[in-house]
Amino acid sequence: MKLGRMNHIGVATPDLDASITFYRDVMGATDITEPFVLDSQKVRVCFVNTPGEGGTAGTQVELLQPTEADSAVGKWLEKNPLGGQHHVCFEVPDIHAAKAEFEAIGKRVLGEPRIGAHGTLIFFVHPKDMGGMLTEIMETPNGH
């Protein structure tokens with residue numbers, strides 16, 4: 001397994017619109033995607049695009065608001081009502097090979113690869129196996 005590009009930091013929020021306002025008005029973000037619902041994960045999502053160097057894209061902040069209280073993000077917000085960092089996401093060239101490698105070294109993969117908010121395959125690795133941090137592994141999007 002080779003560490004790939006950090007694609008985004010996932011931030012859970014109880015109010016997506018208030019978080020968008022915060023990133024725009026307080027943090028000075030000028031490139032924020034339109035929110036959309038990702039039904040498969042029961043969340044409303046948007047991305048705050050940070051500037052990169054040399055014309056490359058920067059790391060994104062993925063803002064996540066649960067659409068149902070029993071969703072993974074909804075349950076996380078029950079324990080962390082102000083919201084905050086939910087996960088970190090790294091890219092890999094082959095999602096199935098990455099899953100097999102994590103499992104081969106005894107890491108707990110949470111479910112099968114599925115389509116994430118970028119439209120590519122993802123899976124999560126349990127925080128107890130990743131230094132206390134929920135980690136999303138994402139197949140590198142085409143063209144990146």
# chains A, B, ... in the order shown; residues from 1 in each chain; ligands from 1
>>> residues_around(residues="Val11 of chain A", least_positions_apart="6", cutoff="12 Å", atoms="only C-alpha atoms", output="ChimeraX atom specification")
/A:19-20,23,43-48,60-66,73,76-77,80,82-89,134
>>> residues_around(residues="Ser40 of chain A", least_positions_apart="6", cutoff="12 Å", atoms="only C-alpha atoms", output="ChimeraX atom specification")
/A:66-68,71-72,114-117,119
>>> write_last_selection(atoms="C-alpha atoms", output="short mmCIF file (atom, residue, chain, number, x, y, z; two decimals), in the first residue's frame")
data_model
loop_
_atom_site.label_atom_id
_atom_site.label_comp_id
_atom_site.auth_asym_id
_atom_site.auth_seq_id
_atom_site.Cartn_x
_atom_site.Cartn_y
_atom_site.Cartn_z
CA PRO A 66 -27.14 13.98 7.70
CA THR A 67 -30.53 13.68 6.02
CA GLU A 68 -31.57 11.02 8.54
CA SER A 71 -27.21 7.60 9.24
CA ALA A 72 -23.53 7.13 10.08
CA ARG A 114 -19.43 1.76 -3.12
CA ILE A 115 -19.92 4.99 -5.03
CA GLY A 116 -19.01 8.09 -3.01
CA ALA A 117 -19.71 11.80 -3.43
CA GLY A 119 -18.75 9.43 -8.23
#
>>> closest_atom_pairs(of="segment 2-43 of chain A", to="segment 97-104 of chain A", cutoff="12 Å", atoms="only C-alpha atoms", output="JSON lines")
{"residue": "A:Lys2", "atom": "CA", "partner": "A:Ala98", "partner_atom": "CA", "distance": 9.1}
{"residue": "A:Leu3", "atom": "CA", "partner": "A:Ala98", "partner_atom": "CA", "distance": 10.4}
{"residue": "A:Gly4", "atom": "CA", "partner": "A:Ala98", "partner_atom": "CA", "distance": 10.9}
>>> select_by_dssp(residues="chain A", states="helix (DSSP H, G or I)", output="PyMOL selection string")
chain A and resi 16-25+39-41+72-79+95-104+127-129
>>> closest_residue(among="A:Gly10, A:Pro127, A:Gly28, A:Gly74", to="Val109 of chain A", atoms="only C-alpha atoms")
A:Pro127
>>> residues_around(residues="Gly111 of chain A", least_positions_apart="5", cutoff="9 Å", atoms="only C-alpha atoms", output="PDB file with N, CA, C and O atoms, in the first residue's frame")
ATOM      1  N   PHE A 123     -14.252   3.121   0.154  1.00  0.00           N
ATOM      2  CA  PHE A 123     -14.574   2.343   1.340  1.00  0.00           C
ATOM      3  C   PHE A 123     -13.940   3.053   2.528  1.00  0.00           C
ATOM      4  O   PHE A 123     -13.100   3.943   2.365  1.00  0.00           O
ATOM      5  N   PHE A 124     -14.367   2.672   3.723  1.00  0.00           N
ATOM      6  CA  PHE A 124     -13.820   3.252   4.942  1.00  0.00           C
ATOM      7  C   PHE A 124     -13.082   2.179   5.730  1.00  0.00           C
ATOM      8  O   PHE A 124     -13.432   1.006   5.666  1.00  0.00           O
ATOM      9  N   VAL A 125     -12.067   2.620   6.485  1.00  0.00           N
ATOM     10  CA  VAL A 125     -11.318   1.737   7.372  1.00  0.00           C
ATOM     11  C   VAL A 125     -11.568   2.208   8.799  1.00  0.00           C
ATOM     12  O   VAL A 125     -11.544   3.414   9.084  1.00  0.00           O
TER      13      VAL A 125
END
>>> select_by_dssp(residues="segment 57-138 of chain A", states="strand (DSSP E)", output="PDB file with all heavy atoms, in the first residue's frame")
ATOM      1  N   ALA A  57      -5.235  21.372  -8.243  1.00  0.00           N
ATOM      2  CA  ALA A  57      -6.320  21.511  -7.269  1.00  0.00           C
ATOM      3  C   ALA A  57      -5.779  21.274  -5.870  1.00  0.00           C
ATOM      4  O   ALA A  57      -4.906  20.440  -5.659  1.00  0.00           O
ATOM      5  CB  ALA A  57      -7.431  20.518  -7.580  1.00  0.00           C
ATOM      6  N   GLY A  58      -6.302  22.009  -4.915  1.00  0.00           N
ATOM      7  CA  GLY A  58      -5.937  21.800  -3.525  1.00  0.00           C
ATOM      8  C   GLY A  58      -6.799  20.711  -2.908  1.00  0.00           C
ATOM      9  O   GLY A  58      -7.677  20.138  -3.552  1.00  0.00           O
ATOM     10  N   THR A  59      -6.546  20.437  -1.659  1.00  0.00           N
ATOM     11  CA  THR A  59      -7.354  19.485  -0.911  1.00  0.00           C
ATOM     12  C   THR A  59      -8.733  20.092  -0.668  1.00  0.00           C
ATOM     13  O   THR A  59      -8.850  21.284  -0.432  1.00  0.00           O
ATOM     14  CB  THR A  59      -6.673  19.155   0.431  1.00  0.00           C
ATOM     15  OG1 THR A  59      -5.401  18.590   0.157  1.00  0.00           O
ATOM     16  CG2 THR A  59      -7.488  18.190   1.256  1.00  0.00           C
ATOM     17  N   GLN A  60      -9.757  19.281  -0.721  1.00  0.00           N
ATOM     18  CA  GLN A  60     -11.115  19.765  -0.500  1.00  0.00           C
ATOM     19  C   GLN A  60     -11.535  19.559   0.950  1.00  0.00           C
ATOM     20  O   GLN A  60     -11.015  18.685   1.639  1.00  0.00           O
ATOM     21  CB  GLN A  60     -12.099  19.012  -1.397  1.00  0.00           C
ATOM     22  CG  GLN A  60     -11.904  19.270  -2.874  1.00  0.00           C
ATOM     23  CD  GLN A  60     -12.876  18.457  -3.709  1.00  0.00           C
ATOM     24  OE1 GLN A  60     -13.015  17.253  -3.530  1.00  0.00           O
ATOM     25  NE2 GLN A  60     -13.553  19.122  -4.616  1.00  0.00           N
ATOM     26  N   VAL A  61     -12.503  20.352   1.371  1.00  0.00           N
ATOM     27  CA  VAL A  61     -13.216  20.114   2.616  1.00  0.00           C
ATOM     28  C   VAL A  61     -14.602  19.642   2.194  1.00  0.00           C
ATOM     29  O   VAL A  61     -15.313  20.342   1.472  1.00  0.00           O
ATOM     30  CB  VAL A  61     -13.324  21.394   3.480  1.00  0.00           C
ATOM     31  CG1 VAL A  61     -14.140  21.120   4.737  1.00  0.00           C
ATOM     32  CG2 VAL A  61     -11.937  21.929   3.826  1.00  0.00           C
ATOM     33  N   GLU A  62     -14.961  18.430   2.599  1.00  0.00           N
ATOM     34  CA  GLU A  62     -16.276  17.874   2.291  1.00  0.00           C
ATOM     35  C   GLU A  62     -17.180  18.152   3.483  1.00  0.00           C
ATOM     36  O   GLU A  62     -16.933  17.665   4.580  1.00  0.00           O
ATOM     37  CB  GLU A  62     -16.173  16.373   2.054  1.00  0.00           C
ATOM     38  CG  GLU A  62     -17.507  15.710   1.751  1.00  0.00           C
ATOM     39  CD  GLU A  62     -17.377  14.191   1.653  1.00  0.00           C
ATOM     40  OE1 GLU A  62     -16.600  13.586   2.406  1.00  0.00           O
ATOM     41  OE2 GLU A  62     -18.096  13.622   0.813  1.00  0.00           O
ATOM     42  N   LEU A  63     -18.209  18.958   3.279  1.00  0.00           N
ATOM     43  CA  LEU A  63     -19.172  19.262   4.342  1.00  0.00           C
ATOM     44  C   LEU A  63     -20.324  18.274   4.238  1.00  0.00           C
ATOM     45  O   LEU A  63     -20.900  18.083   3.160  1.00  0.00           O
ATOM     46  CB  LEU A  63     -19.677  20.700   4.203  1.00  0.00           C
ATOM     47  CG  LEU A  63     -18.609  21.787   4.305  1.00  0.00           C
ATOM     48  CD1 LEU A  63     -19.223  23.163   4.027  1.00  0.00           C
ATOM     49  CD2 LEU A  63     -17.931  21.759   5.667  1.00  0.00           C
ATOM     50  N   LEU A  64     -20.666  17.641   5.376  1.00  0.00           N
ATOM     51  CA  LEU A  64     -21.658  16.569   5.409  1.00  0.00           C
ATOM     52  C   LEU A  64     -22.726  16.865   6.446  1.00  0.00           C
ATOM     53  O   LEU A  64     -22.415  17.010   7.625  1.00  0.00           O
ATOM     54  CB  LEU A  64     -20.986  15.251   5.813  1.00  0.00           C
ATOM     55  CG  LEU A  64     -19.819  14.771   4.973  1.00  0.00           C
ATOM     56  CD1 LEU A  64     -18.920  13.871   5.791  1.00  0.00           C
ATOM     57  CD2 LEU A  64     -20.362  14.058   3.767  1.00  0.00           C
ATOM     58  N   GLN A  65     -23.971  16.955   6.011  1.00  0.00           N
ATOM     59  CA  GLN A  65     -25.099  17.094   6.930  1.00  0.00           C
ATOM     60  C   GLN A  65     -25.987  15.869   6.760  1.00  0.00           C
ATOM     61  O   GLN A  65     -26.387  15.546   5.637  1.00  0.00           O
ATOM     62  CB  GLN A  65     -25.907  18.352   6.626  1.00  0.00           C
ATOM     63  CG  GLN A  65     -27.130  18.495   7.511  1.00  0.00           C
ATOM     64  CD  GLN A  65     -28.001  19.681   7.114  1.00  0.00           C
ATOM     65  OE1 GLN A  65     -27.675  20.463   6.240  1.00  0.00           O
ATOM     66  NE2 GLN A  65     -29.142  19.805   7.763  1.00  0.00           N
ATOM     67  N   PRO A  66     -26.297  15.168   7.841  1.00  0.00           N
ATOM     68  CA  PRO A  66     -27.143  13.979   7.696  1.00  0.00           C
ATOM     69  C   PRO A  66     -28.549  14.356   7.238  1.00  0.00           C
ATOM     70  O   PRO A  66     -29.084  15.387   7.634  1.00  0.00           O
ATOM     71  CB  PRO A  66     -27.164  13.375   9.097  1.00  0.00           C
ATOM     72  CG  PRO A  66     -26.815  14.487  10.015  1.00  0.00           C
ATOM     73  CD  PRO A  66     -25.951  15.428   9.238  1.00  0.00           C
ATOM     74  N   GLY A  84     -17.637  18.704  13.297  1.00  0.00           N
ATOM     75  CA  GLY A  84     -16.181  18.696  13.279  1.00  0.00           C
ATOM     76  C   GLY A  84     -15.642  17.663  12.319  1.00  0.00           C
ATOM     77  O   GLY A  84     -16.379  17.083  11.527  1.00  0.00           O
ATOM     78  N   GLN A  85     -14.314  17.448  12.403  1.00  0.00           N
ATOM     79  CA  GLN A  85     -13.676  16.514  11.485  1.00  0.00           C
ATOM     80  C   GLN A  85     -14.245  15.115  11.678  1.00  0.00           C
ATOM     81  O   GLN A  85     -14.195  14.558  12.761  1.00  0.00           O
ATOM     82  CB  GLN A  85     -12.168  16.482  11.680  1.00  0.00           C
ATOM     83  CG  GLN A  85     -11.498  15.551  10.686  1.00  0.00           C
ATOM     84  CD  GLN A  85      -9.995  15.489  10.840  1.00  0.00           C
ATOM     85  OE1 GLN A  85      -9.367  16.430  11.279  1.00  0.00           O
ATOM     86  NE2 GLN A  85      -9.427  14.358  10.483  1.00  0.00           N
ATOM     87  N   HIS A  86     -14.756  14.561  10.607  1.00  0.00           N
ATOM     88  CA  HIS A  86     -15.372  13.238  10.622  1.00  0.00           C
ATOM     89  C   HIS A  86     -14.423  12.180  10.067  1.00  0.00           C
ATOM     90  O   HIS A  86     -14.316  11.096  10.611  1.00  0.00           O
ATOM     91  CB  HIS A  86     -16.673  13.280   9.811  1.00  0.00           C
ATOM     92  CG  HIS A  86     -17.398  11.989   9.744  1.00  0.00           C
ATOM     93  ND1 HIS A  86     -17.300  11.140   8.660  1.00  0.00           N
ATOM     94  CD2 HIS A  86     -18.229  11.385  10.618  1.00  0.00           C
ATOM     95  CE1 HIS A  86     -18.045  10.077   8.872  1.00  0.00           C
ATOM     96  NE2 HIS A  86     -18.620  10.194  10.056  1.00  0.00           N
ATOM     97  N   HIS A  87     -13.725  12.511   8.955  1.00  0.00           N
ATOM     98  CA  HIS A  87     -12.819  11.546   8.338  1.00  0.00           C
ATOM     99  C   HIS A  87     -11.794  12.256   7.462  1.00  0.00           C
ATOM    100  O   HIS A  87     -11.925  13.442   7.182  1.00  0.00           O
ATOM    101  CB  HIS A  87     -13.597  10.503   7.516  1.00  0.00           C
ATOM    102  CG  HIS A  87     -14.272  11.059   6.293  1.00  0.00           C
ATOM    103  ND1 HIS A  87     -15.554  11.568   6.325  1.00  0.00           N
ATOM    104  CD2 HIS A  87     -13.850  11.186   5.009  1.00  0.00           C
ATOM    105  CE1 HIS A  87     -15.889  11.972   5.109  1.00  0.00           C
ATOM    106  NE2 HIS A  87     -14.870  11.761   4.300  1.00  0.00           N
ATOM    107  N   VAL A  88     -10.804  11.498   7.058  1.00  0.00           N
ATOM    108  CA  VAL A  88      -9.816  11.955   6.088  1.00  0.00           C
ATOM    109  C   VAL A  88      -9.847  10.972   4.924  1.00  0.00           C
ATOM    110  O   VAL A  88     -10.122   9.781   5.123  1.00  0.00           O
ATOM    111  CB  VAL A  88      -8.407  12.062   6.729  1.00  0.00           C
ATOM    112  CG1 VAL A  88      -7.918  10.722   7.221  1.00  0.00           C
ATOM    113  CG2 VAL A  88      -7.414  12.706   5.799  1.00  0.00           C
ATOM    114  N   CYS A  89      -9.612  11.466   3.708  1.00  0.00           N
ATOM    115  CA  CYS A  89      -9.731  10.619   2.520  1.00  0.00           C
ATOM    116  C   CYS A  89      -8.455  10.674   1.682  1.00  0.00           C
ATOM    117  O   CYS A  89      -7.971  11.759   1.349  1.00  0.00           O
ATOM    118  CB  CYS A  89     -10.917  11.086   1.670  1.00  0.00           C
ATOM    119  SG  CYS A  89     -11.084  10.174   0.113  1.00  0.00           S
ATOM    120  N   PHE A  90      -7.950   9.478   1.347  1.00  0.00           N
ATOM    121  CA  PHE A  90      -6.775   9.351   0.492  1.00  0.00           C
ATOM    122  C   PHE A  90      -7.155   8.624  -0.793  1.00  0.00           C
ATOM    123  O   PHE A  90      -7.998   7.728  -0.782  1.00  0.00           O
ATOM    124  CB  PHE A  90      -5.673   8.563   1.202  1.00  0.00           C
ATOM    125  CG  PHE A  90      -5.125   9.258   2.404  1.00  0.00           C
ATOM    126  CD1 PHE A  90      -5.559   8.911   3.674  1.00  0.00           C
ATOM    127  CD2 PHE A  90      -4.183  10.265   2.279  1.00  0.00           C
ATOM    128  CE1 PHE A  90      -5.060   9.545   4.797  1.00  0.00           C
ATOM    129  CE2 PHE A  90      -3.669  10.913   3.395  1.00  0.00           C
ATOM    130  CZ  PHE A  90      -4.113  10.552   4.653  1.00  0.00           C
ATOM    131  N   GLU A  91      -6.495   8.988  -1.878  1.00  0.00           N
ATOM    132  CA  GLU A  91      -6.729   8.360  -3.178  1.00  0.00           C
ATOM    133  C   GLU A  91      -5.829   7.145  -3.373  1.00  0.00           C
ATOM    134  O   GLU A  91      -4.706   7.104  -2.862  1.00  0.00           O
ATOM    135  CB  GLU A  91      -6.441   9.351  -4.309  1.00  0.00           C
ATOM    136  CG  GLU A  91      -7.392  10.510  -4.357  1.00  0.00           C
ATOM    137  CD  GLU A  91      -7.081  11.483  -5.497  1.00  0.00           C
ATOM    138  OE1 GLU A  91      -6.215  11.188  -6.353  1.00  0.00           O
ATOM    139  OE2 GLU A  91      -7.714  12.553  -5.513  1.00  0.00           O
ATOM    140  N   VAL A  92      -6.345   6.169  -4.099  1.00  0.00           N
ATOM    141  CA  VAL A  92      -5.573   5.006  -4.538  1.00  0.00           C
ATOM    142  C   VAL A  92      -5.920   4.735  -6.000  1.00  0.00           C
ATOM    143  O   VAL A  92      -7.026   5.057  -6.444  1.00  0.00           O
ATOM    144  CB  VAL A  92      -5.871   3.745  -3.690  1.00  0.00           C
ATOM    145  CG1 VAL A  92      -5.445   3.940  -2.252  1.00  0.00           C
ATOM    146  CG2 VAL A  92      -7.332   3.344  -3.782  1.00  0.00           C
ATOM    147  N   VAL A 109     -12.077  -3.197   7.206  1.00  0.00           N
ATOM    148  CA  VAL A 109     -12.726  -2.436   6.147  1.00  0.00           C
ATOM    149  C   VAL A 109     -14.215  -2.451   6.434  1.00  0.00           C
ATOM    150  O   VAL A 109     -14.796  -3.506   6.682  1.00  0.00           O
ATOM    151  CB  VAL A 109     -12.395  -3.031   4.765  1.00  0.00           C
ATOM    152  CG1 VAL A 109     -13.214  -2.363   3.671  1.00  0.00           C
ATOM    153  CG2 VAL A 109     -10.896  -2.910   4.484  1.00  0.00           C
ATOM    154  N   LEU A 110     -14.829  -1.278   6.408  1.00  0.00           N
ATOM    155  CA  LEU A 110     -16.246  -1.137   6.758  1.00  0.00           C
ATOM    156  C   LEU A 110     -17.098  -1.216   5.493  1.00  0.00           C
ATOM    157  O   LEU A 110     -17.384  -0.214   4.852  1.00  0.00           O
ATOM    158  CB  LEU A 110     -16.473   0.185   7.502  1.00  0.00           C
ATOM    159  CG  LEU A 110     -15.598   0.387   8.744  1.00  0.00           C
ATOM    160  CD1 LEU A 110     -15.789   1.770   9.328  1.00  0.00           C
ATOM    161  CD2 LEU A 110     -15.900  -0.690   9.777  1.00  0.00           C
ATOM    162  N   GLY A 111     -17.483  -2.408   5.117  1.00  0.00           N
ATOM    163  CA  GLY A 111     -18.344  -2.600   3.956  1.00  0.00           C
ATOM    164  C   GLY A 111     -17.575  -2.786   2.667  1.00  0.00           C
ATOM    165  O   GLY A 111     -16.345  -2.733   2.628  1.00  0.00           O
ATOM    166  N   GLU A 112     -18.324  -3.001   1.627  1.00  0.00           N
ATOM    167  CA  GLU A 112     -17.767  -3.197   0.289  1.00  0.00           C
ATOM    168  C   GLU A 112     -17.576  -1.848  -0.394  1.00  0.00           C
ATOM    169  O   GLU A 112     -18.220  -0.866  -0.029  1.00  0.00           O
ATOM    170  CB  GLU A 112     -18.708  -4.072  -0.539  1.00  0.00           C
ATOM    171  CG  GLU A 112     -18.804  -5.502  -0.050  1.00  0.00           C
ATOM    172  CD  GLU A 112     -17.468  -6.226  -0.081  1.00  0.00           C
ATOM    173  OE1 GLU A 112     -16.745  -6.117  -1.086  1.00  0.00           O
ATOM    174  OE2 GLU A 112     -17.138  -6.892   0.928  1.00  0.00           O
ATOM    175  N   PRO A 113     -16.700  -1.784  -1.408  1.00  0.00           N
ATOM    176  CA  PRO A 113     -16.570  -0.534  -2.169  1.00  0.00           C
ATOM    177  C   PRO A 113     -17.919  -0.111  -2.735  1.00  0.00           C
ATOM    178  O   PRO A 113     -18.717  -0.947  -3.184  1.00  0.00           O
ATOM    179  CB  PRO A 113     -15.588  -0.901  -3.283  1.00  0.00           C
ATOM    180  CG  PRO A 113     -14.750  -1.994  -2.681  1.00  0.00           C
ATOM    181  CD  PRO A 113     -15.730  -2.786  -1.852  1.00  0.00           C
ATOM    182  N   ARG A 114     -18.176   1.178  -2.647  1.00  0.00           N
ATOM    183  CA  ARG A 114     -19.433   1.759  -3.124  1.00  0.00           C
ATOM    184  C   ARG A 114     -19.146   3.145  -3.691  1.00  0.00           C
ATOM    185  O   ARG A 114     -18.095   3.714  -3.438  1.00  0.00           O
ATOM    186  CB  ARG A 114     -20.445   1.822  -1.998  1.00  0.00           C
ATOM    187  CG  ARG A 114     -19.950   2.628  -0.800  1.00  0.00           C
ATOM    188  CD  ARG A 114     -20.755   2.273   0.455  1.00  0.00           C
ATOM    189  NE  ARG A 114     -20.284   2.918   1.655  1.00  0.00           N
ATOM    190  CZ  ARG A 114     -19.294   2.485   2.431  1.00  0.00           C
ATOM    191  NH1 ARG A 114     -18.626   1.401   2.120  1.00  0.00           N
ATOM    192  NH2 ARG A 114     -18.951   3.133   3.519  1.00  0.00           N
ATOM    193  N   ILE A 115     -20.097   3.680  -4.407  1.00  0.00           N
ATOM    194  CA  ILE A 115     -19.918   4.991  -5.032  1.00  0.00           C
ATOM    195  C   ILE A 115     -20.020   6.083  -3.967  1.00  0.00           C
ATOM    196  O   ILE A 115     -20.976   6.119  -3.193  1.00  0.00           O
ATOM    197  CB  ILE A 115     -20.977   5.227  -6.138  1.00  0.00           C
ATOM    198  CG1 ILE A 115     -20.825   4.183  -7.251  1.00  0.00           C
ATOM    199  CG2 ILE A 115     -20.860   6.646  -6.691  1.00  0.00           C
ATOM    200  CD1 ILE A 115     -19.518   4.257  -8.021  1.00  0.00           C
ATOM    201  N   LEU A 121     -15.451   4.871  -6.652  1.00  0.00           N
ATOM    202  CA  LEU A 121     -15.579   3.871  -5.602  1.00  0.00           C
ATOM    203  C   LEU A 121     -14.789   4.270  -4.355  1.00  0.00           C
ATOM    204  O   LEU A 121     -13.682   4.801  -4.454  1.00  0.00           O
ATOM    205  CB  LEU A 121     -15.106   2.508  -6.099  1.00  0.00           C
ATOM    206  CG  LEU A 121     -16.011   1.829  -7.118  1.00  0.00           C
ATOM    207  CD1 LEU A 121     -15.331   0.597  -7.709  1.00  0.00           C
ATOM    208  CD2 LEU A 121     -17.352   1.455  -6.490  1.00  0.00           C
ATOM    209  N   ILE A 122     -15.397   3.995  -3.186  1.00  0.00           N
ATOM    210  CA  ILE A 122     -14.784   4.299  -1.891  1.00  0.00           C
ATOM    211  C   ILE A 122     -15.023   3.143  -0.924  1.00  0.00           C
ATOM    212  O   ILE A 122     -15.903   2.314  -1.147  1.00  0.00           O
ATOM    213  CB  ILE A 122     -15.376   5.582  -1.255  1.00  0.00           C
ATOM    214  CG1 ILE A 122     -16.862   5.360  -0.914  1.00  0.00           C
ATOM    215  CG2 ILE A 122     -15.172   6.790  -2.147  1.00  0.00           C
ATOM    216  CD1 ILE A 122     -17.422   6.293   0.129  1.00  0.00           C
ATOM    217  N   PHE A 123     -14.252   3.121   0.154  1.00  0.00           N
ATOM    218  CA  PHE A 123     -14.574   2.343   1.340  1.00  0.00           C
ATOM    219  C   PHE A 123     -13.940   3.053   2.528  1.00  0.00           C
ATOM    220  O   PHE A 123     -13.100   3.943   2.365  1.00  0.00           O
ATOM    221  CB  PHE A 123     -14.129   0.872   1.240  1.00  0.00           C
ATOM    222  CG  PHE A 123     -12.646   0.647   1.127  1.00  0.00           C
ATOM    223  CD1 PHE A 123     -11.825   0.653   2.256  1.00  0.00           C
ATOM    224  CD2 PHE A 123     -12.068   0.398  -0.109  1.00  0.00           C
ATOM    225  CE1 PHE A 123     -10.467   0.432   2.149  1.00  0.00           C
ATOM    226  CE2 PHE A 123     -10.699   0.175  -0.223  1.00  0.00           C
ATOM    227  CZ  PHE A 123      -9.901   0.196   0.915  1.00  0.00           C
ATOM    228  N   PHE A 124     -14.367   2.672   3.723  1.00  0.00           N
ATOM    229  CA  PHE A 124     -13.820   3.252   4.942  1.00  0.00           C
ATOM    230  C   PHE A 124     -13.082   2.179   5.730  1.00  0.00           C
ATOM    231  O   PHE A 124     -13.432   1.006   5.666  1.00  0.00           O
ATOM    232  CB  PHE A 124     -14.942   3.847   5.810  1.00  0.00           C
ATOM    233  CG  PHE A 124     -15.509   5.122   5.259  1.00  0.00           C
ATOM    234  CD1 PHE A 124     -16.571   5.097   4.365  1.00  0.00           C
ATOM    235  CD2 PHE A 124     -14.981   6.355   5.623  1.00  0.00           C
ATOM    236  CE1 PHE A 124     -17.099   6.261   3.850  1.00  0.00           C
ATOM    237  CE2 PHE A 124     -15.497   7.528   5.110  1.00  0.00           C
ATOM    238  CZ  PHE A 124     -16.561   7.487   4.221  1.00  0.00           C
ATOM    239  N   VAL A 125     -12.067   2.620   6.485  1.00  0.00           N
ATOM    240  CA  VAL A 125     -11.318   1.737   7.372  1.00  0.00           C
ATOM    241  C   VAL A 125     -11.568   2.208   8.799  1.00  0.00           C
ATOM    242  O   VAL A 125     -11.544   3.414   9.084  1.00  0.00           O
ATOM    243  CB  VAL A 125      -9.813   1.736   7.042  1.00  0.00           C
ATOM    244  CG1 VAL A 125      -9.070   0.722   7.902  1.00  0.00           C
ATOM    245  CG2 VAL A 125      -9.577   1.460   5.556  1.00  0.00           C
ATOM    246  N   THR A 135     -10.899   6.592   8.188  1.00  0.00           N
ATOM    247  CA  THR A 135     -10.174   6.860   6.946  1.00  0.00           C
ATOM    248  C   THR A 135     -10.961   6.351   5.760  1.00  0.00           C
ATOM    249  O   THR A 135     -11.350   5.180   5.717  1.00  0.00           O
ATOM    250  CB  THR A 135      -8.782   6.197   6.987  1.00  0.00           C
ATOM    251  OG1 THR A 135      -8.083   6.685   8.144  1.00  0.00           O
ATOM    252  CG2 THR A 135      -7.980   6.510   5.746  1.00  0.00           C
ATOM    253  N   GLU A 136     -11.199   7.239   4.823  1.00  0.00           N
ATOM    254  CA  GLU A 136     -11.855   6.883   3.566  1.00  0.00           C
ATOM    255  C   GLU A 136     -10.769   6.635   2.523  1.00  0.00           C
ATOM    256  O   GLU A 136      -9.821   7.412   2.416  1.00  0.00           O
ATOM    257  CB  GLU A 136     -12.777   8.015   3.105  1.00  0.00           C
ATOM    258  CG  GLU A 136     -13.486   7.737   1.797  1.00  0.00           C
ATOM    259  CD  GLU A 136     -14.403   8.874   1.350  1.00  0.00           C
ATOM    260  OE1 GLU A 136     -14.536   9.881   2.084  1.00  0.00           O
ATOM    261  OE2 GLU A 136     -14.983   8.751   0.272  1.00  0.00           O
ATOM    262  N   ILE A 137     -10.921   5.559   1.790  1.00  0.00           N
ATOM    263  CA  ILE A 137     -10.033   5.246   0.680  1.00  0.00           C
ATOM    264  C   ILE A 137     -10.874   5.397  -0.590  1.00  0.00           C
ATOM    265  O   ILE A 137     -11.967   4.847  -0.685  1.00  0.00           O
ATOM    266  CB  ILE A 137      -9.450   3.821   0.801  1.00  0.00           C
ATOM    267  CG1 ILE A 137      -8.708   3.656   2.140  1.00  0.00           C
ATOM    268  CG2 ILE A 137      -8.550   3.511  -0.382  1.00  0.00           C
ATOM    269  CD1 ILE A 137      -7.527   4.566   2.354  1.00  0.00           C
ATOM    270  N   MET A 138     -10.361   6.162  -1.530  1.00  0.00           N
ATOM    271  CA  MET A 138     -11.131   6.541  -2.709  1.00  0.00           C
ATOM    272  C   MET A 138     -10.318   6.242  -3.961  1.00  0.00           C
ATOM    273  O   MET A 138      -9.134   6.567  -4.027  1.00  0.00           O
ATOM    274  CB  MET A 138     -11.419   8.043  -2.634  1.00  0.00           C
ATOM    275  CG  MET A 138     -12.035   8.649  -3.845  1.00  0.00           C
ATOM    276  SD  MET A 138     -12.224  10.432  -3.551  1.00  0.00           S
ATOM    277  CE  MET A 138     -11.834  11.027  -5.169  1.00  0.00           C
TER     278      MET A 138
END
>>> atom_distance(atom1="atom CA of Lys128 of chain A", atom2="atom CA of Ile95 of chain A")
20.7 Å
>>> closest_residue(among="A:Met1, A:Leu38, A:Asp17, A:Asn7", to="His96 of chain A", atoms="only C-alpha atoms")
A:Met1
